[in-house]
$ cat final-v7.pdb   # PDB, C-alpha atoms
MODEL        1
ATOM      1  CA  MET A   2      -9.849  -4.748  21.115
ATOM      2  CA  HIS A   3     -13.079  -4.022  22.946
ATOM      3  CA  GLU A   4     -15.422  -4.342  19.976
ATOM      4  CA  LEU A   5     -17.494  -7.025  21.723
ATOM      5  CA  SER A   6     -18.462  -4.702  24.582
ATOM      6  CA  ILE A   7     -19.096  -1.910  22.057
ATOM      7  CA  ALA A   8     -21.414  -4.277  20.136
ATOM      8  CA  GLU A   9     -23.257  -5.043  23.398
ATOM      9  CA  SER A  10     -23.750  -1.309  23.997
ATOM     10  CA  ILE A  11     -25.148  -0.938  20.467
ATOM     11  CA  VAL A  12     -27.647  -3.769  21.096
ATOM     12  CA  ASP A  13     -28.645  -2.043  24.383
ATOM     13  CA  ILE A  14     -29.364   1.164  22.469
ATOM     14  CA  VAL A  15     -31.431  -0.723  19.853
ATOM     15  CA  HIS A  16     -33.411  -2.373  22.664
ATOM     16  CA  GLN A  17     -34.152   1.035  24.189
ATOM     17  CA  TYR A  18     -35.622   2.367  20.940
ATOM     18  CA  VAL A  19     -37.321  -0.653  19.398
ATOM     19  CA  ALA A  20     -40.048  -2.561  21.252
ATOM     20  CA  GLN A  21     -39.506  -6.315  21.529
ATOM     21  CA  GLU A  22     -42.293  -7.222  19.075
ATOM     22  CA  GLN A  23     -40.694  -4.993  16.413
ATOM     23  CA  ARG A  24     -37.099  -6.124  16.789
ATOM     24  CA  HIS A  25     -37.243  -8.828  14.123
ATOM     25  CA  ALA A  26     -38.039  -6.022  11.646
ATOM     26  CA  VAL A  27     -34.751  -4.225  12.302
ATOM     27  CA  ARG A  28     -32.805  -4.323   9.058
ATOM     28  CA  SER A  29     -29.743  -2.254   9.762
ATOM     29  CA  VAL A  30     -28.219  -0.121  12.489
ATOM     30  CA  ARG A  31     -26.359   2.772  10.925
ATOM     31  CA  MET A  32     -23.310   4.081  12.757
ATOM     32  CA  ASN A  33     -20.924   7.002  12.474
ATOM     33  CA  VAL A  34     -17.424   5.722  13.192
ATOM     34  CA  GLY A  35     -14.487   8.135  13.201
ATOM     35  CA  THR A  36     -11.138   6.997  11.786
ATOM     36  CA  PHE A  37      -9.640   7.583  15.247
ATOM     37  CA  SER A  38     -12.486   6.105  17.285
ATOM     38  CA  GLY A  39     -10.215   3.168  18.144
ATOM     39  CA  ILE A  40     -12.611   0.720  16.512
ATOM     40  CA  VAL A  41     -11.768  -1.932  13.903
ATOM     41  CA  PRO A  42     -14.843  -1.957  11.606
ATOM     42  CA  ASP A  43     -14.602  -5.636  10.573
ATOM     43  CA  SER A  44     -14.206  -6.688  14.163
ATOM     44  CA  LEU A  45     -17.207  -4.606  15.265
ATOM     45  CA  GLU A  46     -19.393  -6.054  12.496
ATOM     46  CA  PHE A  47     -18.266  -9.576  13.412
ATOM     47  CA  SER A  48     -18.982  -8.975  17.113
ATOM     48  CA  TYR A  49     -22.452  -7.617  16.323
ATOM     49  CA  GLN A  50     -23.281 -10.687  14.211
ATOM     50  CA  ALA A  51     -21.951 -12.982  16.938
ATOM     51  CA  ILE A  52     -24.022 -11.514  19.776
ATOM     52  CA  THR A  53     -27.245 -11.086  17.797
ATOM     53  CA  ALA A  54     -27.214 -14.664  16.414
ATOM     54  CA  GLY A  55     -30.269 -16.525  17.665
ATOM     55  CA  THR A  56     -31.996 -13.325  18.863
ATOM     56  CA  ASP A  57     -34.717 -11.092  17.380
ATOM     57  CA  LEU A  58     -31.938  -9.018  15.836
ATOM     58  CA  GLU A  59     -30.414 -12.002  14.040
ATOM     59  CA  HIS A  60     -31.179 -10.716  10.540
ATOM     60  CA  SER A  61     -30.033  -7.167  11.177
ATOM     61  CA  PHE A  62     -26.579  -5.832  10.383
ATOM     62  CA  LEU A  63     -24.410  -2.836  11.106
ATOM     63  CA  THR A  64     -23.744  -0.202   8.449
ATOM     64  CA  LEU A  65     -20.660   1.770   9.365
ATOM     65  CA  GLU A  66     -20.079   5.199   7.912
ATOM     66  CA  ARG A  67     -16.438   6.166   8.307
ATOM     67  CA  ILE A  68     -15.974   9.783   9.411
ATOM     68  CA  PRO A  69     -12.599  11.219   8.378
ATOM     69  CA  PHE A  70     -10.248  12.804  10.899
ATOM     70  CA  MET A  71     -10.483  16.531  10.150
ATOM     71  CA  ILE A  72      -8.819  19.608  11.553
ATOM     72  CA  ARG A  73      -9.623  23.306  11.283
ATOM     73  CA  CYS A  74      -6.758  25.798  11.197
ATOM     74  CA  ARG A  75      -7.063  28.648  13.690
ATOM     75  CA  GLU A  76      -4.678  30.752  11.586
ATOM     76  CA  CYS A  77      -6.094  30.518   8.055
ATOM     77  CA  GLY A  78      -9.461  28.847   8.653
ATOM     78  CA  GLN A  79      -8.753  25.948   6.278
ATOM     79  CA  GLU A  80     -10.455  22.642   7.064
ATOM     80  CA  SER A  81      -8.473  19.590   5.998
ATOM     81  CA  VAL A  82      -8.491  15.820   6.282
ATOM     82  CA  SER A  83      -5.539  14.198   8.036
ATOM     83  CA  GLU A  84      -5.037  10.532   7.212
ATOM     84  CA  ASP A  85      -2.225   9.985   9.704
ATOM     85  CA  GLY A  86      -3.496  11.993  12.689
ATOM     86  CA  ILE A  87      -0.894  14.750  12.301
ATOM     87  CA  VAL A  88      -2.592  18.031  13.115
ATOM     88  CA  ALA A  89      -0.644  20.446  10.866
ATOM     89  CA  CYS A  90      -2.789  22.545   8.505
ATOM     90  CA  ALA A  91      -2.650  21.205   4.938
ATOM     91  CA  LEU A  92      -2.676  24.767   3.554
ATOM     92  CA  CYS A  93      -0.379  26.875   5.771
ATOM     93  CA  ASN A  94       1.304  24.107   7.842
ATOM     94  CA  SER A  95       0.395  25.810  11.131
ATOM     95  CA  SER A  96      -0.130  23.433  14.052
ATOM     96  CA  ASN A  97      -2.502  25.888  15.717
ATOM     97  CA  THR A  98      -5.458  23.725  14.757
ATOM     98  CA  GLU A  99      -8.474  22.081  16.333
ATOM     99  CA  ILE A 100      -9.808  18.591  15.748
ATOM    100  CA  ILE A 101     -13.323  18.826  14.307
ATOM    101  CA  SER A 102     -14.152  15.193  13.479
ATOM    102  CA  GLY A 103     -12.846  11.653  13.353
ATOM    103  CA  ARG A 104     -13.408  10.428  16.908
ATOM    104  CA  GLU A 105     -17.148   9.650  16.624
ATOM    105  CA  LEU A 106     -18.689   6.405  17.777
ATOM    106  CA  GLN A 107     -22.389   6.981  17.430
ATOM    107  CA  VAL A 108     -25.576   5.122  16.559
ATOM    108  CA  LYS A 109     -27.074   7.348  13.868
ATOM    109  CA  ASP A 110     -30.337   5.613  13.062
ATOM    110  CA  ILE A 111     -32.126   2.283  12.768
ATOM    111  CA  GLU A 112     -33.751   1.042   9.562
ATOM    112  CA  LEU A 113     -36.910  -1.020  10.050
ATOM    113  CA  GLU A 114     -38.571  -3.206   7.432
ATOM    114  CA  ASP A 115     -42.170  -2.263   6.791
ATOM    115  CA  MET A 116     -44.149  -4.769   8.899
ATOM    116  CA  GLN A 117     -47.020  -5.214   6.362
ATOM    117  CA  GLN A 118     -44.623  -5.691   3.485
ATOM    118  CA  GLU A 119     -42.924  -8.418   5.480
ATOM    119  CA  GLN A 120     -46.176 -10.358   5.922
ATOM    120  CA  THR A 121     -46.832 -10.617   2.163
TER
ATOM    121  CA  MET B  19     -38.766   0.862   5.111
ATOM    122  CA  SER B  20     -38.878   3.327   7.989
ATOM    123  CA  VAL B  21     -35.973   4.986   9.753
ATOM    124  CA  LEU B  22     -35.717   5.742  13.452
ATOM    125  CA  THR B  23     -33.323   8.590  14.157
ATOM    126  CA  ILE B  24     -31.192   7.850  17.227
ATOM    127  CA  GLU B  25     -27.966   9.907  17.266
ATOM    128  CA  ARG B  26     -26.624   8.496  20.516
ATOM    129  CA  LYS B  27     -23.004   8.057  21.510
ATOM    130  CA  VAL B  28     -22.237   4.383  22.080
ATOM    131  CA  LEU B  29     -20.044   5.207  25.086
ATOM    132  CA  GLU B  30     -22.664   7.530  26.568
ATOM    133  CA  LYS B  31     -23.100   5.365  29.672
ATOM    134  CA  ASN B  32     -19.370   5.510  30.388
ATOM    135  CA  ASP B  33     -19.294   9.260  29.711
ATOM    136  CA  ASP B  34     -22.168   9.810  32.184
ATOM    137  CA  LEU B  35     -20.355   7.852  34.890
ATOM    138  CA  ALA B  36     -17.109   9.724  34.126
ATOM    139  CA  ARG B  37     -18.993  13.004  34.566
ATOM    140  CA  ARG B  38     -20.214  11.790  37.958
ATOM    141  CA  ASN B  39     -16.663  10.828  38.958
ATOM    142  CA  ARG B  40     -15.464  14.273  37.855
ATOM    143  CA  GLU B  41     -18.132  15.984  39.988
ATOM    144  CA  LEU B  42     -17.067  13.890  42.963
ATOM    145  CA  PHE B  43     -13.398  14.791  42.419
ATOM    146  CA  ALA B  44     -14.301  18.495  42.164
ATOM    147  CA  LYS B  45     -16.283  18.300  45.401
ATOM    148  CA  HIS B  46     -13.176  17.028  47.197
ATOM    149  CA  ALA B  47     -10.776  19.395  45.344
ATOM    150  CA  LEU B  48      -8.975  16.279  44.157
ATOM    151  CA  PHE B  49      -6.546  16.362  41.224
ATOM    152  CA  VAL B  50      -6.808  13.157  39.182
ATOM    153  CA  ILE B  51      -4.542  11.888  36.407
ATOM    154  CA  ASN B  52      -5.007   8.857  34.157
ATOM    155  CA  VAL B  53      -1.600   7.366  33.297
ATOM    156  CA  VAL B  54      -1.531   5.474  29.999
ATOM    157  CA  SER B  55       1.196   3.736  27.977
ATOM    158  CA  SER B  56       2.116   0.467  26.325
ATOM    159  CA  PRO B  57       3.043  -2.405  28.673
ATOM    160  CA  GLY B  58       6.524  -2.107  30.150
ATOM    161  CA  SER B  59       7.130   1.605  29.561
ATOM    162  CA  GLY B  60       7.579   2.152  33.295
ATOM    163  CA  LYS B  61       4.250   3.523  34.551
ATOM    164  CA  THR B  62       4.562   1.834  37.933
ATOM    165  CA  SER B  63       8.257   2.748  38.223
ATOM    166  CA  VAL B  64       7.522   6.432  37.561
ATOM    167  CA  LEU B  65       4.825   6.238  40.249
ATOM    168  CA  GLU B  66       7.224   4.599  42.719
ATOM    169  CA  GLN B  67       9.848   7.298  42.111
ATOM    170  CA  SER B  68       7.184   9.993  42.435
ATOM    171  CA  LEU B  69       5.911   8.567  45.740
ATOM    172  CA  LYS B  70       9.488   8.424  47.003
ATOM    173  CA  TYR B  71       9.969  12.065  46.017
ATOM    174  CA  PHE B  72       6.722  13.296  47.615
ATOM    175  CA  GLY B  73       7.160  11.338  50.843
ATOM    176  CA  THR B  74       4.534  12.741  53.200
ATOM    177  CA  SER B  75       4.488  16.190  51.542
ATOM    178  CA  LEU B  76       1.538  15.277  49.323
ATOM    179  CA  ARG B  77      -1.370  12.952  50.061
ATOM    180  CA  VAL B  78      -1.432  10.577  47.094
ATOM    181  CA  ALA B  79      -3.725   7.614  46.411
ATOM    182  CA  ILE B  80      -3.346   5.138  43.565
ATOM    183  CA  ILE B  81      -5.686   2.982  41.516
ATOM    184  CA  GLU B  82      -3.833   0.224  39.670
ATOM    185  CA  GLY B  83      -5.411  -1.317  36.585
ATOM    186  CA  ASP B  84      -4.108  -4.608  35.226
ATOM    187  CA  VAL B  85      -5.411  -7.496  33.178
ATOM    188  CA  GLN B  86      -4.242  -9.932  35.835
ATOM    189  CA  THR B  87      -2.494 -10.001  39.273
ATOM    190  CA  ASP B  88      -2.125  -7.428  42.047
ATOM    191  CA  LEU B  89       1.663  -7.234  41.642
ATOM    192  CA  ASP B  90       1.610  -3.483  40.945
ATOM    193  CA  ALA B  91      -0.570  -2.753  43.988
ATOM    194  CA  GLN B  92       1.908  -4.736  46.102
ATOM    195  CA  ARG B  93       4.746  -2.534  44.819
ATOM    196  CA  ILE B  94       2.805   0.643  45.607
ATOM    197  CA  ALA B  95       1.634  -0.585  49.039
ATOM    198  CA  LYS B  96       5.263  -0.517  50.221
ATOM    199  CA  PHE B  97       5.008   3.295  50.189
ATOM    200  CA  ASN B  98       2.159   3.248  52.723
ATOM    201  CA  VAL B  99      -0.265   5.075  50.466
ATOM    202  CA  PRO B 100      -3.882   4.056  49.861
ATOM    203  CA  VAL B 101      -3.980   1.769  46.822
ATOM    204  CA  VAL B 102      -6.685  -0.299  45.105
ATOM    205  CA  GLN B 103      -5.974  -2.883  42.421
ATOM    206  CA  ILE B 104      -8.553  -3.313  39.658
ATOM    207  CA  VAL B 105      -8.119  -6.608  37.814
ATOM    208  CA  THR B 106      -9.946  -6.438  34.475
ATOM    209  CA  ASN B 107      -9.699 -10.200  33.757
ATOM    210  CA  GLY B 108      -8.849  -9.712  30.126
ATOM    211  CA  GLY B 109     -10.423  -6.273  29.687
ATOM    212  CA  CYS B 110      -8.110  -4.018  27.677
ATOM    213  CA  HIS B 111      -8.888  -0.723  29.456
ATOM    214  CA  LEU B 112     -10.395   0.746  32.633
ATOM    215  CA  GLU B 113     -13.925   2.133  32.526
ATOM    216  CA  ALA B 114     -15.517   4.887  34.619
ATOM    217  CA  LYS B 115     -17.648   2.396  36.541
ATOM    218  CA  LEU B 116     -14.631   0.344  37.668
ATOM    219  CA  VAL B 117     -12.993   3.539  38.928
ATOM    220  CA  ASN B 118     -16.207   4.598  40.657
ATOM    221  CA  ASP B 119     -16.395   1.235  42.447
ATOM    222  CA  ALA B 120     -12.762   1.571  43.549
ATOM    223  CA  LEU B 121     -13.356   5.062  44.979
ATOM    224  CA  SER B 122     -15.387   3.650  47.866
ATOM    225  CA  SER B 123     -12.107   2.277  49.299
ATOM    226  CA  PHE B 124     -10.660   5.773  49.747
ATOM    227  CA  ASP B 125     -11.310   8.667  52.113
ATOM    228  CA  LEU B 126     -11.439  11.244  49.322
ATOM    229  CA  SER B 127     -11.331  14.225  51.674
ATOM    230  CA  ASN B 128      -7.862  13.099  52.829
ATOM    231  CA  ILE B 129      -6.285  12.890  49.364
ATOM    232  CA  ASP B 130      -4.681  15.646  47.257
ATOM    233  CA  LEU B 131      -3.769  13.623  44.203
ATOM    234  CA  LEU B 132      -5.303  10.465  42.768
ATOM    235  CA  VAL B 133      -3.296   8.606  40.138
ATOM    236  CA  ILE B 134      -5.110   6.025  38.020
ATOM    237  CA  GLU B 135      -2.631   3.701  36.330
ATOM    238  CA  ASN B 136      -4.474   2.296  33.342
ATOM    239  CA  VAL B 137      -3.983  -1.097  31.701
ATOM    240  CA  GLY B 138      -0.838  -1.126  29.531
ATOM    241  CA  ASN B 139      -2.297  -0.509  26.064
ATOM    242  CA  LEU B 140      -1.806   2.421  23.684
ATOM    243  CA  VAL B 141      -5.138   1.964  21.897
ATOM    244  CA  CYS B 142      -8.269   1.242  23.927
ATOM    245  CA  PRO B 143      -7.836   3.410  27.067
ATOM    246  CA  ALA B 144      -7.791   6.521  24.829
ATOM    247  CA  ASN B 145     -11.542   6.411  24.293
ATOM    248  CA  TYR B 146     -12.686   5.802  27.850
ATOM    249  CA  ASP B 147     -13.042   8.908  29.993
ATOM    250  CA  LEU B 148     -12.621   8.012  33.679
ATOM    251  CA  GLY B 149     -13.373  11.490  35.016
ATOM    252  CA  GLU B 150      -9.695  12.483  35.215
ATOM    253  CA  ALA B 151      -8.390  16.037  34.854
ATOM    254  CA  MET B 152      -5.881  14.847  32.270
ATOM    255  CA  LYS B 153      -4.254  11.851  30.646
ATOM    256  CA  VAL B 154      -0.495  11.434  31.027
ATOM    257  CA  VAL B 155       1.075   9.254  28.333
ATOM    258  CA  ILE B 156       4.437   7.576  28.940
ATOM    259  CA  VAL B 157       6.728   6.465  26.116
ATOM    260  CA  SER B 158      10.033   4.789  26.930
ATOM    261  CA  THR B 159      13.127   5.104  24.791
ATOM    262  CA  THR B 160      13.228   1.337  24.273
ATOM    263  CA  GLU B 161       9.889   1.253  22.434
ATOM    264  CA  GLY B 162      10.861   2.974  19.196
ATOM    265  CA  ASP B 163      10.761   6.696  18.444
ATOM    266  CA  ASP B 164       7.841   6.261  16.043
ATOM    267  CA  LYS B 165       5.306   5.210  18.720
ATOM    268  CA  PRO B 166       3.456   8.575  18.705
ATOM    269  CA  LEU B 167       2.942   8.331  14.933
ATOM    270  CA  LYS B 168       1.771   4.730  15.191
ATOM    271  CA  TYR B 169      -0.711   5.387  17.997
ATOM    272  CA  PRO B 170      -1.892   8.961  17.362
ATOM    273  CA  GLY B 171      -5.258   8.504  19.094
ATOM    274  CA  MET B 172      -3.682   8.239  22.528
ATOM    275  CA  PHE B 173      -1.543  11.337  21.954
ATOM    276  CA  HIS B 174      -4.560  13.375  20.773
ATOM    277  CA  HIS B 175      -6.246  12.613  24.089
ATOM    278  CA  SER B 176      -3.232  13.253  26.365
ATOM    279  CA  SER B 177      -2.079  16.506  27.966
ATOM    280  CA  VAL B 178       1.331  15.378  29.237
ATOM    281  CA  LEU B 179       4.069  13.200  27.713
ATOM    282  CA  ILE B 180       6.747  11.549  29.835
ATOM    283  CA  VAL B 181       9.720  10.180  27.876
ATOM    284  CA  ASN B 182      10.977   7.510  30.270
ATOM    285  CA  LYS B 183      14.159   5.367  30.457
ATOM    286  CA  ILE B 184      16.136   8.369  29.242
ATOM    287  CA  ASP B 185      19.283   6.795  30.768
ATOM    288  CA  LEU B 186      19.111   3.998  28.169
ATOM    289  CA  VAL B 187      19.419   6.303  25.147
ATOM    290  CA  PRO B 188      23.107   5.440  24.477
ATOM    291  CA  TYR B 189      22.264   1.724  24.268
ATOM    292  CA  VAL B 190      19.003   1.536  22.328
ATOM    293  CA  ASN B 191      19.372   3.671  19.211
ATOM    294  CA  SER B 192      16.735   6.137  20.365
ATOM    295  CA  ASP B 193      16.627   9.897  19.932
ATOM    296  CA  PRO B 194      14.357  11.589  22.508
ATOM    297  CA  GLU B 195      14.208  14.661  20.279
ATOM    298  CA  VAL B 196      12.557  12.514  17.589
ATOM    299  CA  ILE B 197      10.058  11.097  20.107
ATOM    300  CA  LYS B 198       9.211  14.655  21.170
ATOM    301  CA  LYS B 199       9.003  15.964  17.605
ATOM    302  CA  ASN B 200       6.732  13.072  16.565
ATOM    303  CA  SER B 201       4.517  13.618  19.613
ATOM    304  CA  LEU B 202       4.167  17.345  18.999
ATOM    305  CA  GLN B 203       3.124  16.689  15.397
ATOM    306  CA  ILE B 204       0.177  14.765  16.796
ATOM    307  CA  ASN B 205      -0.517  17.101  19.719
ATOM    308  CA  PRO B 206       1.343  20.454  19.815
ATOM    309  CA  ALA B 207      -0.088  21.267  23.259
ATOM    310  CA  LEU B 208       1.679  18.373  25.071
ATOM    311  CA  LYS B 209       3.653  19.290  28.190
ATOM    312  CA  ILE B 210       6.813  17.121  28.069
ATOM    313  CA  PHE B 211       9.096  15.636  30.734
ATOM    314  CA  GLU B 212      12.110  13.331  30.369
ATOM    315  CA  THR B 213      12.673  10.876  33.188
ATOM    316  CA  SER B 214      14.818   7.988  34.344
ATOM    317  CA  CYS B 215      13.698   5.833  37.229
ATOM    318  CA  THR B 216      17.270   4.498  37.589
ATOM    319  CA  THR B 217      19.106   7.826  37.886
ATOM    320  CA  ASN B 218      16.030   9.820  39.059
ATOM    321  CA  LYS B 219      16.654  12.355  36.287
ATOM    322  CA  GLY B 220      13.599  14.507  35.632
ATOM    323  CA  ILE B 221      11.563  13.042  38.499
ATOM    324  CA  PRO B 222      11.817  16.223  40.653
ATOM    325  CA  GLU B 223      10.690  18.429  37.724
ATOM    326  CA  TRP B 224       7.750  16.117  36.947
ATOM    327  CA  CYS B 225       6.743  15.897  40.611
ATOM    328  CA  GLU B 226       6.955  19.646  41.229
ATOM    329  CA  TRP B 227       4.825  20.297  38.159
ATOM    330  CA  LEU B 228       2.321  17.721  39.421
ATOM    331  CA  ARG B 229       2.325  19.387  42.834
ATOM    332  CA  SER B 230       1.633  22.786  41.241
ATOM    333  CA  GLN B 231      -1.335  21.308  39.349
ATOM    334  CA  THR B 232      -2.624  19.751  42.558
ATOM    335  CA  LYS B 233      -2.412  23.086  44.366
ATOM    336  CA  LYS B 234      -4.281  24.838  41.561
ATOM    337  CA  ARG B 235      -7.071  22.337  42.065
ATOM    338  CA  ALA B 236      -7.208  22.888  45.812
ATOM    339  CA  VAL B 237      -7.692  26.687  45.494
TER
ENDMDL
END

$ encode --input "final-v7.pdb" --output "structure tokens"
Amino acid sequence: MHELSIAESIVDIVHQYVAQEQRHAVRSVRMNVGTFSGIVPDSLEFSYQAITAGTDLEHSFLTLERIPFMIRCRECGQESVSEDGIVACALCNSSNTEIISGRELQVKDIELEDMQQEQT
Amino acid sequence: MSVLTIERKVLEKNDDLARRNRELFAKHALFVINVVSSPGSGKTSVLEQSLKYFGTSLRVAIIEGDVQTDLDAQRIAKFNVPVVQIVTNGGCHLEAKLVNDALSSFDLSNIDLLVIENVGNLVCPANYDLGEAMKVVIVSTTEGDDKPLKYPGMFHHSSVLIVNKIDLVPYVNSDPEVIKKNSLQINPALKIFETSCTTNKGIPEWCEWLRSQTKKRAV
């Protein structure tokens, strides 16, 4: 349970990319979150709301895209999704596989409201 | 609506510091392991038995990570090895910066092996690189044979599994073969040891393997 410090790191990244006078226009921060990133999505969203309350980012929110845990078989080349983290190939059952996704924790992009549109 | 493309890892700052730690360890030919497990699996006991086994034949230093108290550091200090206690005050894992700060207490050129004992937690420490050469995960026979399946993330990130409290198998309805089978389903590359800190079973094998890894590093 370290979602609060993760949320703080996300805010730091937003601050690096968006100048202070533009921050109130941030609508959403889109994230790639792997199934095995160790993050609880609800808890991360809650933490983000809690630490941005009363700041320029108050009206922004996190959009989390879940990235499935996937393996590639070194024997038959099959790529498959593993829900439970077991790394056996879904096609040939070989465990000679490599993990290709599912551990991401990345800020993908930031959506900003059009400033002029906001004034009208 | 406009979109700013970022594509930055959230833990980038930690990863950068871990890289710096790793460079520092390489400079001093220091072998570093990050020991992880749930609370009470016997991390500190395995370390105590290992220090007893090595005696003065290997120069070991220890970083202890705990949420509260320096009780573990006190246990380790009895072996007259350099030890630093990191108290996280509620933090559920160690981070590269905390380890970096602790390193200033050691004379790195006079150490062969640095053991970082992480906070007892099978979830959060998995995602924080400290700069170690490898993670060593400990599961004890009293915890339930299904632990590797319940906490796969930690086993994906580990290179070594120690099945501890092997002497208790007759009393706790545990089958070490099931623990091993479950672990290998999650990570087939795991190197596995079975240990008991009461009977000392498996401690020599674990320690000699550790020594061989340390020597590889020093070459």

$ interface_residues --input "final-v7.pdb" --of "chain A" --to "chain B" --cutoff "8 Å" --atoms "all atoms listed in the file" --output "ChimeraX atom specification"
/A:2-3,7,10-11,14,18,37-39,85-89,96-97,105-115

$ resolve_selection --input "final-v7.pdb" --expression "the PyMOL selection byres ((chain A and resi 78) around 12)" --output "list of chain:residue names"
A:Ile72, A:Arg73, A:Cys74, A:Arg75, A:Glu76, A:Cys77, A:Gln79, A:Glu80, A:Ser81, A:Cys90, A:Ala91, A:Leu92, A:Cys93, A:Asn94, A:Ser95, A:Asn97, A:Thr98, A:Glu99

$ resolve_selection --input "final-v7.pdb" --expression "the PyMOL selection byres ((chain B and resi 113) around 12)" --output "short mmCIF file (atom, residue, chain, number, x, y, z; two decimals) with C-alpha atoms, keeping the file's coordinate frame"
data_model
loop_
_atom_site.label_atom_id
_atom_site.label_comp_id
_atom_site.auth_asym_id
_atom_site.auth_seq_id
_atom_site.Cartn_x
_atom_site.Cartn_y
_atom_site.Cartn_z
CA HIS A 3 -13.08 -4.02 22.95
CA SER A 6 -18.46 -4.70 24.58
CA LEU B 29 -20.04 5.21 25.09
CA GLU B 30 -22.66 7.53 26.57
CA LYS B 31 -23.10 5.36 29.67
CA ASN B 32 -19.37 5.51 30.39
CA ASP B 33 -19.29 9.26 29.71
CA ASP B 34 -22.17 9.81 32.18
CA LEU B 35 -20.36 7.85 34.89
CA ALA B 36 -17.11 9.72 34.13
CA ASN B 39 -16.66 10.83 38.96
CA ASN B 52 -5.01 8.86 34.16
CA GLY B 83 -5.41 -1.32 36.58
CA ILE B 104 -8.55 -3.31 39.66
CA VAL B 105 -8.12 -6.61 37.81
CA THR B 106 -9.95 -6.44 34.48
CA GLY B 109 -10.42 -6.27 29.69
CA CYS B 110 -8.11 -4.02 27.68
CA HIS B 111 -8.89 -0.72 29.46
CA LEU B 112 -10.40 0.75 32.63
CA ALA B 114 -15.52 4.89 34.62
CA LYS B 115 -17.65 2.40 36.54
CA LEU B 116 -14.63 0.34 37.67
CA VAL B 117 -12.99 3.54 38.93
CA ASN B 118 -16.21 4.60 40.66
CA ASP B 119 -16.40 1.24 42.45
CA ALA B 120 -12.76 1.57 43.55
CA ILE B 134 -5.11 6.02 38.02
CA ASN B 136 -4.47 2.30 33.34
CA VAL B 137 -3.98 -1.10 31.70
CA CYS B 142 -8.27 1.24 23.93
CA PRO B 143 -7.84 3.41 27.07
CA ALA B 144 -7.79 6.52 24.83
CA ASN B 145 -11.54 6.41 24.29
CA TYR B 146 -12.69 5.80 27.85
CA ASP B 147 -13.04 8.91 29.99
CA LEU B 148 -12.62 8.01 33.68
CA GLY B 149 -13.37 11.49 35.02
CA GLU B 150 -9.70 12.48 35.22
#

$ axis_aligned_box --input "final-v7.pdb" --around "region 46-49 of chain B" --padding-each-side "6 Å" --output "AutoDock Vina command-line options"
--center_x -9.9 --center_y 17.8 --center_z 44.2 --size_x 18.6 --size_y 15.1 --size_z 18.0

$ resolve_selection --input "final-v7.pdb" --expression "the PyMOL selection byres ((chain A and resi 24) around 12)" --output "list of chain:residue names"
A:Val12, A:Val15, A:His16, A:Gln17, A:Tyr18, A:Val19, A:Ala20, A:Gln21, A:Glu22, A:Gln23, A:His25, A:Ala26, A:Val27, A:Arg28, A:Ser29, A:Val30, A:Thr53, A:Thr56, A:Asp57, A:Leu58, A:Glu59, A:His60, A:Ser61, A:Ile111, A:Glu112, A:Leu113, A:Glu114, A:Asp115, A:Met116

$ write_last_selection --input "final-v7.pdb" --atoms "C-alpha atoms" --output "PDB file, in the coordinates of the input"
ATOM      1  CA  VAL A  12     -27.647  -3.769  21.096  1.00  0.00           C
ATOM      2  CA  VAL A  15     -31.431  -0.723  19.853  1.00  0.00           C
ATOM      3  CA  HIS A  16     -33.411  -2.373  22.664  1.00  0.00           C
ATOM      4  CA  GLN A  17     -34.152   1.035  24.189  1.00  0.00           C
ATOM      5  CA  TYR A  18     -35.622   2.367  20.940  1.00  0.00           C
ATOM      6  CA  VAL A  19     -37.321  -0.653  19.398  1.00  0.00           C
ATOM      7  CA  ALA A  20     -40.048  -2.561  21.252  1.00  0.00           C
ATOM      8  CA  GLN A  21     -39.506  -6.315  21.529  1.00  0.00           C
ATOM      9  CA  GLU A  22     -42.293  -7.222  19.075  1.00  0.00           C
ATOM     10  CA  GLN A  23     -40.694  -4.993  16.413  1.00  0.00           C
ATOM     11  CA  HIS A  25     -37.243  -8.828  14.123  1.00  0.00           C
ATOM     12  CA  ALA A  26     -38.039  -6.022  11.646  1.00  0.00           C
ATOM     13  CA  VAL A  27     -34.751  -4.225  12.302  1.00  0.00           C
ATOM     14  CA  ARG A  28     -32.805  -4.323   9.058  1.00  0.00           C
ATOM     15  CA  SER A  29     -29.743  -2.254   9.762  1.00  0.00           C
ATOM     16  CA  VAL A  30     -28.219  -0.121  12.489  1.00  0.00           C
ATOM     17  CA  THR A  53     -27.245 -11.086  17.797  1.00  0.00           C
ATOM     18  CA  THR A  56     -31.996 -13.325  18.863  1.00  0.00           C
ATOM     19  CA  ASP A  57     -34.717 -11.092  17.380  1.00  0.00           C
ATOM     20  CA  LEU A  58     -31.938  -9.018  15.836  1.00  0.00           C
ATOM     21  CA  GLU A  59     -30.414 -12.002  14.040  1.00  0.00           C
ATOM     22  CA  HIS A  60     -31.179 -10.716  10.540  1.00  0.00           C
ATOM     23  CA  SER A  61     -30.033  -7.167  11.177  1.00  0.00           C
ATOM     24  CA  ILE A 111     -32.126   2.283  12.768  1.00  0.00           C
ATOM     25  CA  GLU A 112     -33.751   1.042   9.562  1.00  0.00           C
ATOM     26  CA  LEU A 113     -36.910  -1.020  10.050  1.00  0.00           C
ATOM     27  CA  GLU A 114     -38.571  -3.206   7.432  1.00  0.00           C
ATOM     28  CA  ASP A 115     -42.170  -2.263   6.791  1.00  0.00           C
ATOM     29  CA  MET A 116     -44.149  -4.769   8.899  1.00  0.00           C
TER      30      MET A 116
END

$ closest_residue --input "final-v7.pdb" --among "A:Glu9, A:Ser44, A:Gly103, A:Glu66" --to "Val82 (chain A)" --atoms "only C-alpha atoms"
A:Gly103

$ residues_near_point --input "final-v7.pdb" --point "(2.7, -3.9, 31.6)" --cutoff "10 Å" --atoms "all atoms listed in the file" --output "list in words"
Ser55, Ser56, Pro57, Gly58, Ser59, Gly60, Lys61, Thr62, Gly83, Asp84, Val85, Asp90, Asn136, Val137, Gly138 and Asn139 of chain B
